[in-house]
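Student: A single structure is presented below for examination.
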Amino acid sequence: MKRRDFMISAGAVAAGSVLLPKMAFADPNRIDWYTSSDQNVIDFWTNIIKPKFEAANPGATLNLVDAGDGAGLQAIEARAVAALASKADPQADFFEGSDARLPPGALDAGLYVDFSKENLSNYSKLNPLAADIPQNITYRGSQVLLAFDTTKLPADKAPKTFADLVAWIKANPGQFIYNRPDKGGSGGNFVVRAIWEANGRDPSMFKVDNYKGADSDPMLMKGYDILKDIAPALMDQGAYTSGNTQSIQLLSQGAVTMIPAWSDQTLSAIKQGVLPETTGLVQLTDLALAGGFTKNTVPVNGVNKALALKLQDFILTEEIQSAVITELGGFPGVSWDYVSKELHDKYASVIPATIPTWPGGDWDKNMKDGWYRNVAPNVDRTK
Amino acid sequence: MSLAPASDIVGTKKQGRGLIGLLLVAIPVILVAWMVIYPILSAVVTTVWQKDASGVPGFTLKTYQFFFSDAYSLANLWVTLWTTLLCAIILLIVCLPIALYLRFAKGRLAAYVQGLAIFPLFVPSIILSYAFIRVLGPNGMVDILLNAVHLPKIRSPYLTPWGPLIGLVWDHIPLTVLILLAGLGAVSDASIEAARDVGAGRLRVLWNIILPRLGNSILVAVSFSVLGIFSAFTLPYVLGPAAPEMMGPFMQRTFRDLYDAPNAITQAVISFFFCIVFGLFYVRSVVKNQRGRG
């Protein structure tokens with residue numbers, strides 16, 4: 001072959017291999033798992049669930065992917081909806097920290113598996129507090145609490161009601177901070193708690209489908225008024241961190257005395273030594289800060305749907321549910337009767353009778369944007 | 001096998017050379033047209049051609065009207081411009097002396113200074129953000145050191161507009177120093193020595209010999225850092241205040257939290273308009289340079 005011919009044919013092969021569309025298919029027996037949760041949850045899956053599940057199911061593997069946040073996960077779910085319509089491969093089998101009501105239209109399109117019809121062996125053990133539409137299923141819960149430094153505020157003097165908390169914040173300027181509501185649930189649910197406080201402490205007034213634009217905004221505004229009122233007494237006369245982790249960092253540096261924080265994240269932080277042993281936790285008794293059970297969904301068109309259902313059943317076993325409490329610092333997704341008696345007795349005092357929740361969708365979206373427009377800008381740094 | 005045909009690849013005739021030259025630039029030009037020009041045109045069209053209340057598509061400027069009548073959006077644009085311009089000025093003040101030092105100093109110390117000046121290039125901005133909180137944040141390392149010598153704490157720049165400003169300046173030092181240093185390479189030792197021979201002092205050498213040759217590099221360095229800072233995301237997101245937001249985090253929030261694509265794209269087009277002004281400065285200086293050479 002002449003050198004020139006060789007160059008041309010080699011070039012053509014190289015160009016062809018680059019220009020051919022790259023095809024990607026989901027592997028059989030590999031569960032493509034996506035989450036909207038924080039790093040501590042991904043660590044829990046990587047270190048506890050993945051090895052145990054793969055050992056119990058030879059040949060199966062778990063591909064753990066961080067979708068970033070709720071919006072990131074919805075983008076993957078929207079892809080699955082599109083794949084359902086075109087009968088293509090969604091390349092996704094399991095969504096952790098999902099909600100079957102989102103993205104809008106996915107439920108009507110029939111994207112998600114109805115777990116009540118799938119004969120999961122542990123389905124009957126689920127905590128009744130976690131009851132939701134049958135396309136959502138849980139395995140862990142957590143709640144926003146107030147975390148505080150007991151060396152500066154003795155545990156018996158910690159505020160027990162929202163009114164006490166507001167009084168404490170004003171009496172101790174600069175010692176409280178919460179994060180921006182869209183950047184993490186600890187600050188978000190603190191904002192939600194203020195909105196509930198301003199609307200008669202009745203979480204049932206806020207449902208996923210009853211946001212009515214201009215008629216509903218005054219309800220949010222009443223909550224913002226409380227937040228604007230306390231803003232000058234926050235750290236730096238109204239600073240807001242950009243995430244759950246940054247709030248914990250400020251508490252650990254002793255820059256503030258109290259923050260709202262996720263129970264599981266705080267317990268992990270204490271266990272890892274990020275927060276000192278002297279960190280106190282308290283829940284408001286007049287109405288708890290919001291929390292909830294993390295929901296999982298499984299798309300009907302995933303290549304490994306059967307295996308994904310097996311995984312969901314697996315994480316409801318006593319072994320994993322006990323690990324949720326001991327390793328993750330969360331609440332079990334099953335009733336407390338189905339975890340070991342030793343754990344049940346140890347945590348008896350913090351087992352919640354109710355966990356108030358805040359709806360996703362329009363209320364959530366407008367709560368966050370309204371906060372940016374009404375609460376965040378009113379910072380007077382001249383004082 | 002003879003060697004003669006191989007030379008045809010580079011072209012022996014003048015006409016063929018032009019064609020091959022065009023082919024060589026075709027790939028970047030197509031890529032720019034497809035990945036940059038087309039999305040920009042598509043973004044502009046999406047924002048001015050929208051459905052009205054009754055669902056009929058037509059020409060409209062409503063998202064632009066909203067942006068420029070909305071005090072919150074304007075405050076975000078203003079803080080972005082403030083941060084960008086102040087950053088550019090501080091960068092020049094910080095980097096020009098470093099570049100001058102590196103141009104004229106020799107020896108081991110200069111090598112260490114150069115290494116230190118280039119170091120930020122290798123630090124991801126998310127790592128920088130958390131290090132910043134540790135060092136300059138409340139009760140951070142600076143506060144601990146001040147406390148050790150019985151001085152009062154600093155007013156921490158964390159979560160104020162000064163937070164991202166300090167971070168962005170640090171982050172952009174390497175690029176600015178490198179561009180200025182390249183520009184200083186054009187100043188010959190001979191011309192400086194000639195000026196010294198006729199009795200010019202250090203300031204006069206800087207002002208009359210070095211700066212006139214450096215004007216172009218300063219313009220390029222400023223355009224580059226301005227383009228980077230205007231669209232910065234991580235540092236303003238982690239270190240900045242909740243409000244006003246810089247355009248990067250604002251666009252991201254509008255798009256992903258509010259699912260409001262038309263307004264997010266409008267913000268992008270407006271940001272693009274401001275960036276293009278600085279981009280034109282850069283292009284103009286490159287063209288001027290090439291004409292000078294040609």
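Labels used: A, B, ... for chains in the order of the structure tokens, numbers from 1 for residues in each chain, and numbers from 1 for ligands as shown.
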Using only C-alpha atoms, what does the table of chain A residues within 6 Å of chain B look like, with each row giving the shortest atom pair and its distance in Å to one decimal, sorted by chain and ascending number, as a Markdown table?
Tutor:
```
| residue | atom | partner | partner_atom | distance |
| --- | --- | --- | --- | --- |
| A:Ala71 | CA | B:Arg256 | CA | 6.0 |
| A:Ser242 | CA | B:Val238 | CA | 5.7 |
| A:Ala255 | CA | B:Pro138 | CA | 5.6 |
| A:Lys365 | CA | B:Leu258 | CA | 6.0 |
| A:Ala376 | CA | B:Ala243 | CA | 5.4 |
| A:Pro377 | CA | B:Ala243 | CA | 5.1 |
```
Student: Excluding same-chain residues fewer than 4 positions from segment 262-264 of chain B, what lies within 8 Å of it counting only C-alpha atoms, as a list of chain:residue names?
Tutor: B:Thr46, B:Thr47, B:Thr63, B:Phe67, B:Met251, B:Gln252, B:Thr254, B:Phe255, B:Ala268
Student: Using DSSP on the backbone coordinates, identify all residues within segment 229-285 of chain B classified as alpha helix (DSSP H); present the result as a VMD selection string.
Tutor: chain B and resid 229 to 230 234 to 239 247 to 256 261 to 285
Student: Which residue gives the smallest distance to Val334 of chain A among A:Ala214, A:Ala131, A:Val256, A:Ala261, with only C-alpha atoms counted?
Tutor: A:Ala131
Student: May I ask which of the residues A:Ser142, A:Asn136, A:Asn172, A:Ser335 is the closest one to Leu102 of chain A, counting only C-alpha atoms?
Tutor: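 Of the candidates, the smallest distance to Leu102 of chain A is held by A:Asn136.
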Student: For segment 163-170 of chain B, list every protein, DNA or RNA residue within 10 Å, evaluated using only C-alpha atoms, and leave out those in the same chain fewer than 6 positions away; present the list as JSON, numbers by chain.
Tutor: {"B": [82, 83, 84, 86, 87, 88, 89, 90, 91, 92, 94, 95, 117, 119, 120, 121, 125, 128, 129, 132, 133, 136, 137, 156, 157, 176, 225, 228, 229, 232, 233, 234, 235, 236, 237, 238, 239, 240, 241, 246]}
Student: Put those residues in a file: C-alpha atoms, as a PDB file, in the first residue's frame.
Tutor:
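In the end it all went to out-v3.pdb:
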```
ATOM      1  CA  TRP B  82     -19.459  46.200  41.063  1.00  0.00           C
ATOM      2  CA  THR B  83     -17.641  42.936  41.837  1.00  0.00           C
ATOM      3  CA  THR B  84     -16.266  42.617  38.299  1.00  0.00           C
ATOM      4  CA  LEU B  86     -13.457  46.222  41.522  1.00  0.00           C
ATOM      5  CA  CYS B  87     -11.872  42.794  40.954  1.00  0.00           C
ATOM      6  CA  ALA B  88     -10.265  43.979  37.700  1.00  0.00           C
ATOM      7  CA  ILE B  89      -8.804  47.069  39.391  1.00  0.00           C
ATOM      8  CA  ILE B  90      -7.497  45.119  42.406  1.00  0.00           C
ATOM      9  CA  LEU B  91      -6.060  42.436  40.120  1.00  0.00           C
ATOM     10  CA  LEU B  92      -4.026  45.036  38.206  1.00  0.00           C
ATOM     11  CA  VAL B  94      -1.752  43.250  42.814  1.00  0.00           C
ATOM     12  CA  CYS B  95      -0.418  41.595  39.660  1.00  0.00           C
ATOM     13  CA  ALA B 117       1.781  33.329  41.963  1.00  0.00           C
ATOM     14  CA  PHE B 119      -0.339  28.194  42.558  1.00  0.00           C
ATOM     15  CA  PRO B 120      -4.032  29.311  42.560  1.00  0.00           C
ATOM     16  CA  LEU B 121      -4.317  27.866  39.041  1.00  0.00           C
ATOM     17  CA  SER B 125     -12.618  26.934  43.535  1.00  0.00           C
ATOM     18  CA  LEU B 128     -10.737  27.500  47.896  1.00  0.00           C
ATOM     19  CA  SER B 129     -14.213  28.414  49.186  1.00  0.00           C
ATOM     20  CA  PHE B 132     -11.596  30.703  52.833  1.00  0.00           C
ATOM     21  CA  ILE B 133     -14.303  29.999  55.441  1.00  0.00           C
ATOM     22  CA  LEU B 136     -11.229  34.359  56.974  1.00  0.00           C
ATOM     23  CA  GLY B 137     -14.590  33.134  58.283  1.00  0.00           C
ATOM     24  CA  SER B 156     -15.356  38.609  58.490  1.00  0.00           C
ATOM     25  CA  PRO B 157     -15.976  39.110  54.746  1.00  0.00           C
ATOM     26  CA  THR B 176      -3.266  37.944  34.959  1.00  0.00           C
ATOM     27  CA  SER B 225     -10.445  38.288  34.077  1.00  0.00           C
ATOM     28  CA  GLY B 228     -14.244  34.964  34.009  1.00  0.00           C
ATOM     29  CA  ILE B 229     -15.479  37.006  36.963  1.00  0.00           C
ATOM     30  CA  ALA B 232     -18.329  33.209  38.170  1.00  0.00           C
ATOM     31  CA  PHE B 233     -20.496  30.717  40.009  1.00  0.00           C
ATOM     32  CA  THR B 234     -18.888  28.697  42.811  1.00  0.00           C
ATOM     33  CA  LEU B 235     -17.247  31.488  44.799  1.00  0.00           C
ATOM     34  CA  PRO B 236     -20.259  33.866  44.818  1.00  0.00           C
ATOM     35  CA  TYR B 237     -22.515  30.879  45.550  1.00  0.00           C
ATOM     36  CA  VAL B 238     -20.611  29.686  48.620  1.00  0.00           C
ATOM     37  CA  LEU B 239     -19.024  32.897  49.912  1.00  0.00           C
ATOM     38  CA  GLY B 240     -21.465  35.610  48.857  1.00  0.00           C
ATOM     39  CA  PRO B 241     -24.541  37.010  50.590  1.00  0.00           C
ATOM     40  CA  MET B 246     -24.287  37.645  41.354  1.00  0.00           C
TER      41      MET B 246
END
```
Student: Which neighbours of Val303 of chain A fall inside 8 Å, counting only C-alpha atoms, when residues of the same chain fewer than 5 positions from it are skipped, and could you give them as a tab-separated table (two decimals) with N, CA and C atoms, in the first residue's frame?
Tutor:
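Dumped everything to out.tsv:
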```
chain	number	residue	atom	x	y	z
A	26	ALA	N	-27.93	0.48	29.29
A	26	ALA	CA	-27.85	0.07	30.68
A	26	ALA	C	-27.37	-1.38	30.72
A	27	ASP	N	-26.52	-1.69	31.68
A	27	ASP	CA	-26.05	-3.06	31.84
A	27	ASP	C	-27.12	-3.89	32.53
A	28	PRO	N	-27.29	-5.15	32.10
A	28	PRO	CA	-28.15	-6.01	32.91
A	28	PRO	C	-27.47	-6.28	34.24
A	89	ASP	N	-34.50	3.14	26.45
A	89	ASP	CA	-33.90	2.71	27.70
A	89	ASP	C	-33.61	3.95	28.57
A	91	GLN	N	-31.93	4.23	31.24
A	91	GLN	CA	-30.63	4.12	31.93
A	91	GLN	C	-30.71	4.53	33.38
A	92	ALA	N	-31.85	4.23	34.00
A	92	ALA	CA	-32.03	4.53	35.42
A	92	ALA	C	-32.97	3.49	35.99
A	93	ASP	N	-32.68	3.01	37.20
A	93	ASP	CA	-33.50	1.95	37.79
A	93	ASP	C	-34.07	2.31	39.15
```
Student: Among the residues of segment 287-372 of chain A, find those DSSP assigns to strand (DSSP E or B) from the backbone and print them as a list in words.
Tutor: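 Taking segment 287-372 of chain A and keeping strand (DSSP E or B) gives Gly291, Gly292, Phe293, Thr294, Lys295, Asn296, Thr297, Pro299, Phe331, Pro332 and Val334 of chain A.
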Student: Dump N, CA, C and O atoms for the selected residues as a compact mmCIF listing (two decimals), in the first residue's frame?
Tutor:
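Okay, this is what ended up in selection-v1.txt:
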```txt
# COMPACT_ATOMS: atom_id res chain seq x y z
N GLY A 291 -40.03 17.77 58.77
CA GLY A 291 -39.09 16.71 58.45
C GLY A 291 -39.83 15.81 57.53
O GLY A 291 -40.79 16.20 56.88
N GLY A 292 -39.44 14.58 57.52
CA GLY A 292 -40.21 13.68 56.70
C GLY A 292 -39.45 12.44 56.38
O GLY A 292 -38.29 12.28 56.77
N PHE A 293 -40.14 11.58 55.71
CA PHE A 293 -39.52 10.34 55.27
C PHE A 293 -39.01 10.55 53.86
O PHE A 293 -39.70 11.14 53.03
N THR A 294 -37.81 10.10 53.62
CA THR A 294 -37.25 10.19 52.29
C THR A 294 -37.93 9.16 51.41
O THR A 294 -38.07 8.01 51.81
N LYS A 295 -38.36 9.59 50.25
CA LYS A 295 -39.10 8.69 49.38
C LYS A 295 -38.22 8.16 48.26
O LYS A 295 -37.38 8.89 47.74
N ASN A 296 -38.48 6.93 47.90
CA ASN A 296 -37.80 6.34 46.75
C ASN A 296 -38.85 6.04 45.69
O ASN A 296 -40.01 5.76 46.02
N THR A 297 -38.43 6.06 44.44
CA THR A 297 -39.31 5.63 43.35
C THR A 297 -38.52 4.72 42.42
O THR A 297 -37.29 4.78 42.38
N PRO A 299 -38.70 3.49 38.33
CA PRO A 299 -39.39 3.65 37.05
C PRO A 299 -39.81 2.30 36.47
O PRO A 299 -39.07 1.31 36.61
N PHE A 331 -34.25 8.11 61.24
CA PHE A 331 -35.33 7.30 61.79
C PHE A 331 -35.58 6.15 60.82
O PHE A 331 -35.43 6.32 59.61
N PRO A 332 -36.00 5.00 61.34
CA PRO A 332 -36.27 3.89 60.42
C PRO A 332 -37.51 4.17 59.57
O PRO A 332 -38.40 4.91 59.98
N VAL A 334 -39.43 1.64 58.64
CA VAL A 334 -40.42 0.69 59.15
C VAL A 334 -40.85 1.14 60.55
O VAL A 334 -40.22 2.01 61.14
```
Student: For a quick check of understanding, using only C-alpha atoms, which of B:Leu109, B:Val79, B:Phe230, B:Lys62 has the smallest distance to Gly279 of chain B?
Tutor: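 Using only C-alpha atoms, the shortest distance to Gly279 of chain B belongs to B:Phe230.
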